[in-house]
file my_file.txt (compact mmCIF, C-alpha atoms and all ligand atoms)
# COMPACT_ATOMS: atom_id res chain seq x y z
CA MET A 3 136.53 178.35 82.31
CA LYS A 4 138.56 175.23 82.64
CA THR A 5 142.05 175.10 81.32
CA ARG A 6 143.91 172.01 80.33
CA ASN A 7 145.88 172.02 83.51
CA ASP A 8 143.00 172.60 85.88
CA CYS A 9 142.78 169.01 86.99
CA ARG A 10 140.60 169.63 89.98
CA GLU A 11 137.71 171.03 87.96
CA TRP A 12 137.93 168.27 85.37
CA ARG A 13 138.21 165.75 88.09
CA GLU A 14 134.96 166.80 89.69
CA LEU A 15 133.24 165.78 86.46
CA LEU A 16 134.65 162.27 86.59
CA GLY A 17 131.79 160.91 88.72
CA ALA A 18 129.10 162.01 86.31
CA TYR A 19 131.28 160.80 83.44
CA ALA A 20 131.79 157.35 85.02
CA LEU A 21 128.01 157.07 85.38
CA GLY A 22 127.52 157.98 81.70
CA HIS A 23 125.81 161.24 82.58
CA LEU A 24 128.08 163.70 80.79
CA GLU A 25 127.11 165.03 77.38
CA GLY A 26 128.10 167.49 74.69
CA ASP A 27 130.95 169.94 75.14
CA GLU A 28 131.53 168.98 78.75
CA ARG A 29 132.03 165.38 77.77
CA ALA A 30 134.23 166.22 74.79
CA GLY A 31 136.31 168.61 76.91
CA LEU A 32 136.81 166.04 79.64
CA GLU A 33 137.77 163.34 77.15
CA ALA A 34 140.31 165.70 75.60
CA HIS A 35 141.73 166.35 79.06
CA LEU A 36 141.84 162.64 79.86
CA ASP A 37 143.81 162.02 76.67
CA GLY A 38 146.58 164.17 78.00
CA CYS A 39 146.37 163.58 81.76
CA ALA A 40 147.45 160.27 83.23
CA ASN A 41 146.46 161.34 86.76
CA CYS A 42 142.86 161.95 85.79
CA ARG A 43 142.78 158.70 83.80
CA GLU A 44 143.97 156.89 86.90
CA GLU A 45 141.34 158.62 88.99
CA LEU A 46 138.64 157.61 86.51
CA ALA A 47 139.90 154.03 86.57
CA SER A 48 139.46 153.94 90.35
CA LEU A 49 135.84 155.08 90.07
CA GLN A 50 134.78 152.77 87.27
CA PRO A 51 134.56 149.56 89.36
CA VAL A 52 132.34 151.41 91.81
CA ALA A 53 130.12 152.64 88.98
CA LEU A 54 129.86 149.08 87.71
CA MET A 55 128.73 147.84 91.13
CA LEU A 56 125.91 150.37 91.49
CA PRO A 57 123.36 148.51 89.34
CA HIS A 58 123.51 145.54 91.73
CA ALA A 59 122.17 147.54 94.64
CA ASP A 60 118.54 148.20 95.46
CA PRO A 61 118.07 151.88 96.45
CA ALA A 62 115.06 150.89 98.53
CA ARG A 63 117.58 149.27 100.89
CA PHE A 64 119.74 152.33 101.53
CA GLY A 65 117.85 153.03 104.75
CA PRO A 66 118.90 151.83 108.20
CA ALA A 67 120.30 148.29 108.15
CA PRO A 68 118.24 145.55 109.80
CA GLN A 69 119.63 144.74 113.22
CA PRO A 70 119.76 141.30 114.82
CA PRO A 71 117.44 140.94 117.81
CA PRO A 72 119.26 141.61 121.10
CA GLU A 73 118.67 138.08 122.38
CA LEU A 74 120.49 136.50 119.43
CA GLY A 75 123.85 137.14 121.09
CA GLN A 76 122.70 135.36 124.24
CA ARG A 77 121.39 132.50 122.14
CA VAL A 78 124.75 132.16 120.39
CA ALA A 79 126.58 132.16 123.73
CA ALA A 80 124.15 129.63 125.21
CA THR A 81 124.42 127.35 122.17
CA ILE A 82 128.19 127.34 122.31
CA ALA A 83 128.20 126.72 126.06
CA ALA A 84 125.76 123.83 125.58
CA GLU A 85 127.83 122.37 122.76
CA ARG A 86 131.00 122.56 124.83
CA GLU A 87 129.27 120.78 127.72
CA ARG A 88 127.86 118.21 125.34
CA SER A 89 131.23 117.49 123.76
CA GLU A 90 132.79 117.12 127.19
CA THR A 91 130.03 114.69 128.16
CA ARG A 92 130.49 112.75 124.95
CA GLN A 93 134.18 112.42 125.55
CA ARG A 94 133.50 111.01 129.00
CA ARG A 95 130.85 108.71 127.53
CA ARG A 96 133.27 107.45 124.90
CA LEU A 97 135.89 106.69 127.50
CA PHE A 98 133.39 104.87 129.65
CA GLY A 99 131.91 103.05 126.63
CA GLY A 100 135.31 101.86 125.49
CA PHE A 101 136.09 100.62 128.94
CA ALA A 102 132.77 98.79 129.31
CA LEU A 103 133.25 97.04 125.98
CA GLY A 104 136.85 96.11 126.56
CA GLY A 105 136.17 92.41 126.05
CA ALA A 106 133.75 92.64 123.15
CA THR A 107 134.60 91.87 119.56
CA VAL A 108 136.06 94.62 117.42
CA ALA A 109 133.20 94.31 114.95
CA ALA A 110 130.60 94.88 117.60
CA VAL A 111 132.43 97.91 118.88
CA ALA A 112 132.64 99.38 115.42
CA ALA A 113 129.00 98.88 114.72
CA VAL A 114 127.39 100.11 117.85
CA LEU A 115 128.30 101.46 121.19
CA LEU A 116 126.09 99.97 123.81
CA LEU A 117 126.09 101.31 127.26
CA PHE A 118 123.89 99.92 129.95
CA VAL A 119 122.95 102.30 132.67
CA PHE A 120 121.18 100.50 135.43
CA GLY A 121 118.48 101.84 137.67
CA GLY A 122 117.15 104.81 135.69
CA GLY A 123 115.18 106.70 138.32
CA ASP A 124 112.62 108.40 136.07
CA GLY A 125 109.88 105.80 135.91
CA SER A 126 111.64 103.55 133.44
CA SER A 127 111.33 99.85 134.10
CA GLY A 128 114.79 98.61 133.23
CA PRO A 129 118.19 99.49 131.87
CA GLU A 130 118.34 102.10 129.13
CA GLN A 131 120.43 101.53 126.05
CA GLN A 132 122.50 104.03 124.18
CA VAL A 133 122.73 103.35 120.48
CA ARG A 134 125.37 104.93 118.33
CA PHE A 135 124.97 105.10 114.60
CA ALA A 136 128.22 104.11 112.93
CA ASP A 137 129.55 104.71 109.40
CA LEU A 138 127.83 108.05 109.11
CA PRO A 139 128.92 110.57 106.47
CA PRO A 140 131.48 113.06 107.76
CA GLY A 141 129.94 115.76 109.89
CA ILE A 142 126.76 113.88 110.71
CA THR A 143 126.18 112.54 114.20
CA ILE A 144 123.17 110.52 115.27
CA ASP A 145 122.70 109.12 118.74
CA ALA A 146 119.75 107.43 120.32
CA THR A 147 119.03 106.45 123.88
CA LEU A 148 116.26 103.91 124.44
CA GLN A 149 114.37 103.53 127.71
CA PRO A 150 111.95 100.70 128.36
CA HIS A 151 108.47 101.57 129.64
CA SER A 152 105.31 99.60 130.21
CA TYR A 153 103.75 101.20 127.12
CA GLY A 154 106.74 100.52 124.90
CA THR A 155 110.01 102.39 124.39
CA GLU A 156 110.97 105.97 124.94
CA ILE A 157 113.55 107.24 122.45
CA HIS A 158 115.83 110.21 122.96
CA MET A 159 117.23 111.20 119.57
CA TYR A 160 120.19 113.46 119.04
CA VAL A 161 121.01 114.44 115.47
CA HIS A 162 123.68 116.86 114.33
CA GLY A 163 125.08 117.95 111.00
CA VAL A 164 122.18 117.51 108.61
CA PRO A 165 120.75 120.67 107.00
CA SER A 166 118.79 122.81 109.39
CA GLY A 167 115.07 122.23 109.11
CA THR A 168 115.46 118.58 108.09
CA LEU A 169 112.43 116.50 108.99
CA CYS A 170 113.54 113.25 110.62
CA ARG A 171 111.24 110.23 110.89
CA VAL A 172 112.04 107.51 113.38
CA TRP A 173 110.97 103.89 113.64
CA LEU A 174 111.87 100.98 115.83
CA ARG A 175 112.29 97.71 113.98
CA GLY A 176 111.19 94.56 115.76
CA ALA A 177 112.68 91.06 115.76
CA GLY A 178 110.37 90.00 112.93
CA GLY A 179 111.40 92.94 110.73
CA ALA A 180 108.23 94.99 111.20
CA SER A 181 108.69 98.73 111.81
CA TYR A 182 106.88 100.62 114.52
CA PRO A 183 106.65 104.39 114.09
CA ALA A 184 108.17 106.45 116.85
CA GLY A 185 107.32 109.87 115.47
CA THR A 186 109.02 112.77 113.77
CA PHE A 187 111.11 115.73 114.76
CA ARG A 188 112.75 118.59 112.98
CA TYR A 189 116.45 119.22 113.34
CA ARG A 190 117.42 122.86 113.80
CA TRP A 191 120.92 124.19 113.77
CA GLY A 192 122.08 125.25 117.15
CA ASP A 193 119.48 123.17 118.93
CA ASP A 194 121.35 120.76 121.14
CA SER A 195 118.36 119.24 122.84
CA ASP A 196 117.33 115.63 122.42
CA ALA A 197 114.07 114.94 120.63
CA VAL A 198 111.95 112.70 122.83
CA LEU A 199 109.85 110.17 120.93
CA SER A 200 108.08 106.98 121.82
CA SER A 201 107.08 103.74 120.17
CA ALA A 202 104.75 100.92 121.17
CA LEU A 203 107.45 98.32 120.55
CA ASP A 204 109.00 96.86 123.70
CA LEU A 205 112.68 97.59 124.05
CA SER A 206 113.31 93.88 124.67
CA ARG A 207 111.93 93.14 121.20
CA THR A 208 113.61 96.09 119.46
CA ARG A 209 116.37 95.10 117.06
CA ALA A 210 117.11 98.38 115.26
CA VAL A 211 116.51 102.11 115.26
CA VAL A 212 115.69 103.57 111.84
CA VAL A 213 116.09 107.29 111.10
CA ASP A 214 114.94 108.70 107.77
CA THR A 215 116.13 112.24 107.04
CA GLY A 216 114.30 112.45 103.73
CA LYS A 217 117.39 111.93 101.63
CA ARG A 218 118.87 109.04 103.54
CA THR A 219 117.87 106.29 105.86
CA PHE A 220 120.15 105.31 108.71
CA VAL A 221 119.74 102.06 110.60
CA ALA A 222 121.53 101.15 113.79
CA PRO A 223 121.14 97.73 115.38
CA VAL A 224 120.11 97.78 119.00
CA ASP A 225 121.76 94.51 119.90
CA GLY A 226 121.82 92.60 116.64
CA PRO A 227 124.73 91.58 114.43
CA VAL A 228 126.83 94.06 112.47
CA ALA A 229 125.32 92.89 109.20
CA ASP A 230 122.06 94.44 110.27
CA LEU A 231 123.53 97.87 109.68
CA ASN A 232 122.66 99.21 106.30
CA ILE A 233 122.89 102.68 104.93
CA HIS A 234 121.58 103.53 101.53
CA ASN A 235 122.24 106.78 99.80
CA GLU A 236 119.84 108.23 97.33
CA GLU A 237 120.53 111.25 95.17
CA GLU A 238 122.77 112.83 97.74
CA PRO A 239 123.98 116.21 96.51
CA THR A 240 127.37 117.05 97.85
CA MET B 869 153.18 123.61 111.67
CA ILE B 870 155.37 125.88 113.70
CA GLN B 871 154.51 129.53 113.90
CA LEU B 872 155.80 132.40 115.88
CA GLY B 873 153.35 134.38 117.91
CA ASN B 874 151.20 131.42 118.83
CA SER B 875 149.34 133.51 121.33
CA THR B 876 147.40 135.14 118.52
CA ARG B 877 146.36 131.82 116.99
CA GLY B 878 143.13 130.14 117.82
CA ALA B 879 141.75 133.54 118.56
CA LEU B 880 138.20 132.27 118.59
CA SER B 881 138.55 129.13 120.61
CA ARG B 882 137.44 130.73 123.85
CA GLU B 883 133.83 131.65 124.46
CA ARG B 884 134.80 135.13 125.56
CA ASP B 885 136.46 135.72 122.18
CA VAL B 886 133.31 134.62 120.43
CA ARG B 887 131.33 137.18 122.42
CA GLU B 888 133.76 139.90 121.37
CA ALA B 889 133.62 138.79 117.75
CA TYR B 890 129.85 138.76 117.96
CA ALA B 891 129.75 142.29 119.34
CA ALA B 892 132.02 143.53 116.55
CA HIS B 893 130.60 141.74 113.52
CA SER B 894 127.11 140.34 114.12
CA GLY B 895 125.37 143.43 112.74
CA GLU B 896 127.05 143.22 109.35
CA LEU B 897 126.77 139.45 109.16
CA TYR B 898 123.09 139.66 109.98
CA GLY B 899 122.59 142.39 107.36
CA PHE B 900 124.13 140.23 104.66
CA ALA B 901 122.22 137.16 105.85
CA VAL B 902 118.92 139.04 105.61
CA ARG B 903 119.89 140.35 102.18
CA SER B 904 120.79 136.94 100.79
CA LEU B 905 118.14 134.81 102.52
CA GLY B 906 115.33 137.36 102.45
CA ASP B 907 114.03 136.18 105.81
CA ALA B 908 114.82 137.51 109.28
CA GLY B 909 114.29 134.16 111.01
CA LEU B 910 116.59 132.30 108.62
CA ALA B 911 119.11 135.12 108.93
CA GLU B 912 119.18 134.71 112.71
CA GLU B 913 119.69 130.99 112.26
CA ALA B 914 122.51 131.64 109.78
CA VAL B 915 124.31 134.10 112.07
CA GLN B 916 124.01 131.75 115.02
CA GLU B 917 125.36 128.83 112.98
CA THR B 918 128.19 131.04 111.71
CA PHE B 919 129.42 131.81 115.22
CA VAL B 920 129.00 128.20 116.35
CA ARG B 921 131.06 126.99 113.38
CA ALA B 922 133.62 129.74 113.99
CA TRP B 923 133.93 128.62 117.58
CA ARG B 924 134.31 124.96 116.57
CA ALA B 925 137.02 125.90 114.07
CA GLY B 926 138.46 128.64 116.28
CA ASP B 927 141.86 126.98 116.44
CA ARG B 928 142.18 127.29 112.70
CA PHE B 929 141.63 131.03 112.56
CA ASP B 930 144.94 132.75 111.91
CA PRO B 931 144.82 136.54 112.05
CA LYS B 932 148.02 136.67 110.01
CA ILE B 933 146.22 135.21 107.00
CA GLY B 934 143.17 137.40 107.01
CA SER B 935 140.88 139.47 109.14
CA LEU B 936 138.38 137.93 111.52
CA ARG B 937 135.66 139.73 109.62
CA THR B 938 136.67 138.15 106.30
CA TRP B 939 136.86 134.74 107.93
CA LEU B 940 133.39 135.10 109.47
CA PHE B 941 131.95 136.23 106.15
CA ALA B 942 133.47 133.17 104.45
CA ILE B 943 131.80 130.92 107.04
CA LEU B 944 128.50 132.76 106.70
CA ARG B 945 128.65 132.37 102.95
CA ASN B 946 128.89 128.59 103.34
CA VAL B 947 126.09 128.59 105.89
CA VAL B 948 123.87 130.55 103.51
CA ILE B 949 124.66 128.10 100.71
CA ASP B 950 123.75 125.19 103.00
CA LEU B 951 120.53 126.89 104.06
CA GLY B 952 119.62 127.65 100.46
CA ARG B 953 120.38 124.05 99.54
CA ALA B 954 118.21 122.75 102.35
CA ARG B 955 115.34 124.85 101.04
CA SER B 956 115.68 124.18 97.34
CA VAL B 957 117.67 121.01 96.78
CA ARG B 958 114.94 118.59 95.82
CA PRO B 959 113.54 120.32 92.75
CA ARG B 960 117.05 121.21 91.60
CA VAL B 961 118.26 117.65 91.94
CA ALA B 962 115.23 116.47 90.00
CA GLU B 963 116.37 118.73 87.17
CA GLY B 964 119.49 116.64 86.71
CA GLY B 965 121.66 116.75 89.79
CA VAL B 966 122.88 120.29 89.20
CA GLU B 967 124.30 122.07 92.21
CA PRO B 968 122.45 125.17 93.28
CA SER B 969 124.44 127.98 91.74
CA VAL B 970 126.37 130.28 94.03
CA GLU B 971 126.06 133.12 91.54
CA PRO B 972 122.91 134.55 93.11
CA LEU B 973 124.79 134.58 96.40
CA ASP B 974 127.73 136.52 94.98
CA GLU B 975 125.21 138.87 93.43
CA ALA B 976 123.59 139.28 96.85
CA LEU B 977 127.00 139.93 98.40
CA THR B 978 127.78 142.67 95.86
CA ALA B 979 124.34 144.18 96.37
CA TRP B 980 124.71 144.13 100.12
CA GLN B 981 128.21 145.64 99.94
CA VAL B 982 127.01 148.57 97.84
CA GLU B 983 123.93 149.08 100.01
CA GLU B 984 126.02 148.99 103.17
CA ALA B 985 128.55 151.40 101.63
CA MET B 986 125.71 153.74 100.65
CA ARG B 987 124.54 153.78 104.25
CA ARG B 988 128.02 154.77 105.41
CA ILE B 989 128.68 157.72 103.11
CA GLY B 990 127.33 161.19 103.81
CA GLU B 991 123.69 162.04 103.17
CA ASP B 992 124.59 164.76 100.60
CA HIS B 993 126.60 162.30 98.56
CA ARG B 994 124.07 159.50 98.80
CA ARG B 995 121.26 161.84 97.83
CA VAL B 996 122.76 163.01 94.53
CA ILE B 997 123.70 159.47 93.51
CA VAL B 998 120.18 158.25 94.25
CA GLU B 999 118.54 161.12 92.38
CA THR B 1000 120.77 161.18 89.31
CA TYR B 1001 121.69 157.52 88.98
CA TYR B 1002 118.93 155.41 90.52
CA ARG B 1003 116.06 157.79 89.70
CA GLY B 1004 117.63 158.98 86.47
CA ARG B 1005 116.69 162.62 87.09
CA PRO B 1006 118.36 165.47 85.16
CA TYR B 1007 121.17 167.23 87.02
CA ALA B 1008 119.50 170.62 86.54
CA GLU B 1009 116.33 169.40 88.20
CA VAL B 1010 118.19 167.91 91.15
CA ALA B 1011 120.28 171.08 91.47
CA ALA B 1012 117.14 173.25 91.57
CA GLU B 1013 115.53 171.01 94.15
CA LEU B 1014 118.62 171.14 96.36
CA GLY B 1015 119.15 174.87 95.75
CA VAL B 1016 122.75 174.42 94.57
CA PRO B 1017 124.48 174.97 91.21
CA GLU B 1018 124.46 172.08 88.75
CA GLY B 1019 128.24 171.89 89.03
CA THR B 1020 127.87 171.18 92.73
CA VAL B 1021 125.60 168.21 92.01
CA LYS B 1022 128.27 166.87 89.63
CA SER B 1023 131.06 167.36 92.12
CA ARG B 1024 128.98 165.67 94.83
CA VAL B 1025 128.49 162.69 92.53
CA TYR B 1026 132.27 162.57 92.12
CA TYR B 1027 133.04 162.83 95.85
CA GLY B 1028 130.21 160.39 96.53
CA LEU B 1029 131.74 157.74 94.26
CA ARG B 1030 135.12 158.34 95.86
CA ALA B 1031 133.60 157.92 99.31
CA LEU B 1032 131.92 154.70 98.18
CA ARG B 1033 135.25 153.44 96.92
CA VAL B 1034 136.94 154.16 100.25
CA VAL B 1035 134.15 152.49 102.24
CA LEU B 1036 134.12 149.45 99.94
CA GLU B 1037 137.86 149.08 100.41
CA GLU B 1038 137.41 149.25 104.17
CA MET B 1039 134.86 146.47 103.79
CA GLY B 1040 137.42 144.31 102.03
CA TYR B 1041 136.49 144.97 98.43
CA GLU B 1042 139.33 144.64 95.93
CA ASP B 1043 139.34 145.29 92.19
ZN ZN C 1101 143.94 165.93 84.96

call {"tool": "encode", "arguments": {"input": "my_file.txt", "output": "structure tokens"}}
result
Amino acid sequence: MKTRNDCREWRELLGAYALGHLEGDERAGLEAHLDGCANCREELASLQPVALMLPHADPARFGPAPQPPPELGQRVAATIAAERERSETRQRRRLFGGFALGGATVAAVAAVLLLFVFGGGDGSSGPEQQVRFADLPPGITIDATLQPHSYGTEIHMYVHGVPSGTLCRVWLRGAGGASYPAGTFRYRWGDDSDAVLSSALDLSRTRAVVVDTGKRTFVAPVDGPVADLNIHNEEEPT
Amino acid sequence: MIQLGNSTRGALSRERDVREAYAAHSGELYGFAVRSLGDAGLAEEAVQETFVRAWRAGDRFDPKIGSLRTWLFAILRNVVIDLGRARSVRPRVAEGGVEPSVEPLDEALTAWQVEEAMRRIGEDHRRVIVETYYRGRPYAEVAAELGVPEGTVKSRVYYGLRALRVVLEEMGYED
């Protein structure tokens, strides 16, 4: 049988002991050994945290781990490539926008970046306007490009930084203050595409673009004064 | 900030590095995302967002401070919190503006770590821990079923816990 100095045999009981499975003489014998053996006490101490973690696990999940679908890696690579291209484009756009607005007032520049691109060749009937939402919370980007059509206005929305799955509702606000719905879209992380919406309001009569993300409403003037910009926050959890 | 060995900084700022990081760590990250979100589609979204954020912040990753794996897990943890918030924020806010607790997430992380560690230890060791601990079966019964002495079941439990400890340490677990 085990002697006091036969650490290895006592030690092999430490697992069952740490799990509370040892009883009777075996338990009493081990505890007596532990009293006099610092090495075995140390060994027990290294197993106890593991024993304490076991109840958190679900043994039904000890089987093979779920694997990501093979195309996820390609999607990640494509998303990053698209974002890099987009950020390069935006940098160019910013440079160009700043140049175009060189003579405008500082306030107008701060409120909205307007960029007129003449001669859109895709059936649009006039210059398109790019609208930039200013004073957004950190991390959130909203851009809109408006194209005039005979039926009204086509809106390309780009949103980034709100929680994935956020439902965004968009309106165009007319000169008289009335809002014309332009539709809804859902923002998904990693999706860098523009949402294409349309509204019956003529671009020439459009004064603001309104985006409601459920928790907040963002308004950007299309060519109105800075004061038109208003952002209200409701119950924003941060 | 001046640092020596600048060539190792910003190790994730190139797309090729992201692909390598993805190849090395996406499986584990996905496993934890599934465990904590309980949904394969959301888990894919979370893993994708994790690598996109890692790429955006790639310049800030410093391998001298911690491993890439630890850094990616920290990002994923935030992504999972954001995703959970997006799903559940409105009723919770209505209850008085209380932040969604991160405790269930830490619980999920512990659970996933143990489950992953269990997958990595040997079948003999896993088996005796499952039978005696999770199923609560008597050692004698398990020994008879396996055709080994009862003492062997006990020693396998011991070596099994030791193996779990080693694997958990490899996975970054600290007391
Ligand atoms: Zn000893």

call {"tool": "residues_near_ligand", "arguments": {"input": "my_file.txt", "ligand": "ligand ZN 1101 (chain C)", "cutoff": "12 Å", "atoms": "only C-alpha atoms and all ligand atoms", "output": "list of chain:residue names"}}
result
A:Lys4, A:Thr5, A:Arg6, A:Asn7, A:Asp8, A:Cys9, A:Arg10, A:Glu11, A:Trp12, A:Arg13, A:Glu14, A:Leu15, A:Leu16, A:Gly31, A:Leu32, A:Glu33, A:Ala34, A:His35, A:Leu36, A:Asp37, A:Gly38, A:Cys39, A:Ala40, A:Asn41, A:Cys42, A:Arg43, A:Glu44, A:Glu45, A:Leu46

call {"tool": "closest_residue", "arguments": {"input": "my_file.txt", "among": "B:Pro972, B:Gly1015, B:Gly990, B:Gly1028", "to": "chain A", "atoms": "only C-alpha atoms"}}
result
B:Gly1028

call {"tool": "interface_residues", "arguments": {"input": "my_file.txt", "of": "chain B", "to": "chain A", "cutoff": "6 Å", "atoms": "only C-alpha atoms", "output": "JSON list (two decimals) with C-alpha atoms, in the coordinates of the input"}}
result
[["chain", "number", "residue", "atom", "x", "y", "z"],
["B", 895, "GLY", "CA", 125.37, 143.43, 112.74],
["B", 899, "GLY", "CA", 122.59, 142.39, 107.36],
["B", 916, "GLN", "CA", 124.01, 131.75, 115.02],
["B", 954, "ALA", "CA", 118.21, 122.75, 102.35],
["B", 979, "ALA", "CA", 124.34, 144.18, 96.37],
["B", 982, "VAL", "CA", 127.01, 148.57, 97.84],
["B", 983, "GLU", "CA", 123.93, 149.08, 100.01],
["B", 987, "ARG", "CA", 124.54, 153.78, 104.25],
["B", 1022, "LYS", "CA", 128.27, 166.87, 89.63],
["B", 1023, "SER", "CA", 131.06, 167.36, 92.12],
["B", 1025, "VAL", "CA", 128.49, 162.69, 92.53],
["B", 1026, "TYR", "CA", 132.27, 162.57, 92.12]]

call {"tool": "atom_distance", "arguments": {"input": "my_file.txt", "atom1": "CA of Val161 in chain A", "atom2": "CA of Ile142 in chain A"}}
result
7.5 Å

call {"tool": "atom_distance", "arguments": {"input": "my_file.txt", "atom1": "CA of Ala222 in chain A", "atom2": "CA of Val920 in chain B"}}
result
28.2 Å

call {"tool": "residues_near_point", "arguments": {"input": "my_file.txt", "point": "(128.7, 131.2, 108.9)", "cutoff": "7 Å", "atoms": "only C-alpha atoms", "output": "PyMOL selection string"}}
result
chain B and resi 914-915+917-919+921+940-947

call {"tool": "atom_distance", "arguments": {"input": "my_file.txt", "atom1": "CA of Ser881 in chain B", "atom2": "CA of Arg953 in chain B"}}
result
28.3 Å
